[in-house]
Structures are given as structure tokens and as C-alpha cells.
Amino acid sequence: MVQRILNSDIYLSISYDAVHGWLYADWHGQVDSEDVMTGALKVLNELRRERCTKVLNNNSKLAGVWADAAIWGGEELLPKLYTAGCRHLAWVYSPEAYSRLSAALIVERSPAGIVLKTFDDLTAARTWLQQV
């Protein structure tokens, strides 16, 4: 997998996979709502810059409660991602219960437009995103 690193910090690495034409957001560590909102805006900015239509959002190494950010994500971020060109989003859940519940809030509030599918496994998420 050839990926160009676009942004990397303590809880989020963002790269562009030119072979598959998607943005890869790899979240890790303990986060709170502020971390998630800051990181999500970085994903939005990179999506705009790269002009791609697919995002692979990996929360498999993420922990923490960020329910406030989840509500914001569903109501504000996802519509902005759609406007920026995102049409397919593969979301890999965290195995950590609170982080998983926070992510589920975004999925529940997902507006029409972006096809958002959740996964427990990164390989399955990649496979689906390659097929759409």
C-alpha cells in the first residue's frame, strides 16, 4: 500500500492512498471531544485538498468518550464532507465500548448523501471501499 502522509500528530495520522484514491484517517490513543473535532477538521481540509470521494476512517486503535464530538460530526461535519466531495465513508469501529458508542452516534445522525458503512475489521472496510 503506497500512502503519502499528509498530517500526523499524537492521535491522528492522515494519508492519501493514490492507488485506491482514498483518504486514510488512522486514529489512535485516548481522545476527547475536542481532539476528535480538531482531527476531523484536519480530515475535512485534506479531503478538500486531495479532491477525493472516499474516506477510510480507522478507529480500531482509538479509546475515549467523545459523544459531544459525535453529535457535531453527524450534524455538521458529515454535511461538510459531502459538500467537499466525499461520497463513500468506511468506518472501522474501536473495540473500546465508549469510543464505539460515540462513533455510533455519528452513524445515526448521518445525513443523506454520503454512503457510510461501519466495520469491525480494517480488511473488510478496505475491500468494501475498493468495490464502490
# chains A, B, ... in the order shown; residues from 1 in each chain; ligands from 1
>>> residues_around(residues="range 45-49 of chain A", least_positions_apart="3", cutoff="7 Å", atoms="only C-alpha atoms", output="MDAnalysis selection string")
chainID A and resid 23 41:42 52 84
>>> residues_around(residues="Asn57 in chain A", least_positions_apart="5", cutoff="12 Å", atoms="only C-alpha atoms", output="number ranges by chain")
A: 12-16, 22-28, 39-40, 43-44, 62, 88-94, 103, 116-122, 125-126, 129
>>> write_last_selection(atoms="C-alpha atoms", output="PDB file, in the first residue's frame")
ATOM      1  CA  LEU A  12      -4.350  11.027  14.173  1.00  0.00           C
ATOM      2  CA  SER A  13      -2.388  10.214  11.045  1.00  0.00           C
ATOM      3  CA  ILE A  14      -3.887  11.211   7.702  1.00  0.00           C
ATOM      4  CA  SER A  15      -2.567   9.861   4.446  1.00  0.00           C
ATOM      5  CA  TYR A  16      -3.642   9.661   0.831  1.00  0.00           C
ATOM      6  CA  TRP A  22      -8.979   7.498  -0.805  1.00  0.00           C
ATOM      7  CA  LEU A  23      -8.047   9.414   2.292  1.00  0.00           C
ATOM      8  CA  TYR A  24      -6.983   7.229   5.207  1.00  0.00           C
ATOM      9  CA  ALA A  25      -7.603   8.605   8.712  1.00  0.00           C
ATOM     10  CA  ASP A  26      -5.861   6.418  11.295  1.00  0.00           C
ATOM     11  CA  TRP A  27      -6.904   7.399  14.832  1.00  0.00           C
ATOM     12  CA  HIS A  28      -5.023   6.114  17.873  1.00  0.00           C
ATOM     13  CA  GLY A  39      -8.771  15.976  13.979  1.00  0.00           C
ATOM     14  CA  ALA A  40     -11.983  15.721  11.973  1.00  0.00           C
ATOM     15  CA  VAL A  43      -9.553  15.274   7.661  1.00  0.00           C
ATOM     16  CA  LEU A  44     -12.014  17.685   6.025  1.00  0.00           C
ATOM     17  CA  LEU A  62      -8.902   4.580  19.485  1.00  0.00           C
ATOM     18  CA  HIS A  88     -18.268   6.895   0.491  1.00  0.00           C
ATOM     19  CA  LEU A  89     -17.001   6.535   4.038  1.00  0.00           C
ATOM     20  CA  ALA A  90     -15.839   3.237   5.528  1.00  0.00           C
ATOM     21  CA  TRP A  91     -15.731   3.451   9.327  1.00  0.00           C
ATOM     22  CA  VAL A  92     -13.822   0.854  11.357  1.00  0.00           C
ATOM     23  CA  TYR A  93     -15.165   0.770  14.908  1.00  0.00           C
ATOM     24  CA  SER A  94     -12.987   0.859  18.001  1.00  0.00           C
ATOM     25  CA  ALA A 103     -18.994   6.595  16.747  1.00  0.00           C
ATOM     26  CA  LEU A 116     -21.407   5.412   5.330  1.00  0.00           C
ATOM     27  CA  LYS A 117     -20.757   1.790   6.239  1.00  0.00           C
ATOM     28  CA  THR A 118     -19.339   0.516   9.526  1.00  0.00           C
ATOM     29  CA  PHE A 119     -16.966  -2.384  10.088  1.00  0.00           C
ATOM     30  CA  ASP A 120     -15.278  -4.265  12.907  1.00  0.00           C
ATOM     31  CA  ASP A 121     -12.363  -5.175  10.662  1.00  0.00           C
ATOM     32  CA  LEU A 122      -9.986  -2.962   8.647  1.00  0.00           C
ATOM     33  CA  ALA A 125     -13.565  -1.905   5.229  1.00  0.00           C
ATOM     34  CA  ARG A 126     -10.800  -1.696   2.602  1.00  0.00           C
ATOM     35  CA  LEU A 129     -14.260   0.788  -0.292  1.00  0.00           C
TER      36      LEU A 129
END
>>> closest_residue(among="A:Ser102, A:Gln3, A:Val132, A:Glu96", to="Ala69 in chain A", atoms="only C-alpha atoms")
A:Ser102
>>> select_by_dssp(residues="range 5-117 of chain A", states="helix (DSSP H, G or I)", output="PyMOL selection string")
chain A and resi 33-50+67-83+97-108
>>> write_last_selection(atoms="C-alpha atoms", output="mmCIF file, in the first residue's frame")
data_model
loop_
_atom_site.group_PDB
_atom_site.id
_atom_site.type_symbol
_atom_site.label_atom_id
_atom_site.label_comp_id
_atom_site.auth_asym_id
_atom_site.auth_seq_id
_atom_site.Cartn_x
_atom_site.Cartn_y
_atom_site.Cartn_z
ATOM 1 C CA SER A 33 -14.387 15.530 22.043
ATOM 2 C CA GLU A 34 -12.020 18.438 21.412
ATOM 3 C CA ASP A 35 -9.349 16.110 19.973
ATOM 4 C CA VAL A 36 -11.896 14.459 17.711
ATOM 5 C CA MET A 37 -13.321 17.748 16.413
ATOM 6 C CA THR A 38 -9.839 19.160 15.755
ATOM 7 C CA GLY A 39 -8.771 15.976 13.979
ATOM 8 C CA ALA A 40 -11.983 15.721 11.973
ATOM 9 C CA LEU A 41 -11.472 19.246 10.640
ATOM 10 C CA LYS A 42 -7.974 18.195 9.539
ATOM 11 C CA VAL A 43 -9.553 15.274 7.661
ATOM 12 C CA LEU A 44 -12.014 17.685 6.025
ATOM 13 C CA ASN A 45 -9.202 20.029 4.957
ATOM 14 C CA GLU A 46 -7.145 17.180 3.486
ATOM 15 C CA LEU A 47 -10.199 15.821 1.652
ATOM 16 C CA ARG A 48 -10.700 19.224 0.062
ATOM 17 C CA ARG A 49 -7.022 19.457 -0.847
ATOM 18 C CA GLU A 50 -6.822 15.962 -2.370
ATOM 19 C CA ALA A 67 -20.133 11.944 22.411
ATOM 20 C CA ASP A 68 -20.253 15.755 22.024
ATOM 21 C CA ALA A 69 -17.992 15.500 19.001
ATOM 22 C CA ALA A 70 -20.133 12.670 17.639
ATOM 23 C CA ILE A 71 -23.263 14.808 17.640
ATOM 24 C CA TRP A 72 -21.305 17.642 15.995
ATOM 25 C CA GLY A 73 -19.875 15.147 13.497
ATOM 26 C CA GLY A 74 -23.250 13.895 12.393
ATOM 27 C CA GLU A 75 -24.919 17.289 12.224
ATOM 28 C CA GLU A 76 -22.064 19.480 10.948
ATOM 29 C CA LEU A 77 -19.020 17.522 9.787
ATOM 30 C CA LEU A 78 -20.689 14.931 7.561
ATOM 31 C CA PRO A 79 -22.600 17.550 5.537
ATOM 32 C CA LYS A 80 -19.309 19.459 5.080
ATOM 33 C CA LEU A 81 -17.560 16.272 3.964
ATOM 34 C CA TYR A 82 -20.333 15.730 1.437
ATOM 35 C CA THR A 83 -20.019 19.286 0.134
ATOM 36 C CA ALA A 97 -17.055 0.314 24.199
ATOM 37 C CA TYR A 98 -17.270 4.075 24.888
ATOM 38 C CA SER A 99 -15.468 5.035 21.708
ATOM 39 C CA ARG A 100 -17.683 2.653 19.749
ATOM 40 C CA LEU A 101 -20.831 4.204 21.235
ATOM 41 C CA SER A 102 -19.587 7.690 20.344
ATOM 42 C CA ALA A 103 -18.994 6.595 16.747
ATOM 43 C CA ALA A 104 -22.461 5.031 16.607
ATOM 44 C CA LEU A 105 -23.944 8.469 17.361
ATOM 45 C CA ILE A 106 -22.385 9.851 14.182
ATOM 46 C CA VAL A 107 -23.698 6.972 12.105
ATOM 47 C CA GLU A 108 -27.219 7.508 13.499
#
>>> atom_distance(atom1="CA of Arg87 in chain A", atom2="CA of Leu56 in chain A")
11.5 Å
>>> select_by_dssp(residues="chain A", states="strand (DSSP E or B)", output="VMD selection string")
chain A and resid 3 to 8 12 to 17 22 to 30 54 to 63 88 to 92 115 to 119
>>> closest_residue(among="A:Ser110, A:Gly29, A:Pro95, A:Thr53", to="Asp9 in chain A", atoms="only C-alpha atoms")
A:Gly29
>>> closest_residue(among="A:Cys86, A:Tyr11, A:Val19, A:Ala124", to="Ala63 in chain A", atoms="only C-alpha atoms")
A:Tyr11
>>> atom_distance(atom1="CA of Asn59 in chain A", atom2="CA of Thr123 in chain A")
13.1 Å
>>> atom_distance(atom1="CA of Ala18 in chain A", atom2="CA of Ser60 in chain A")
22.3 Å
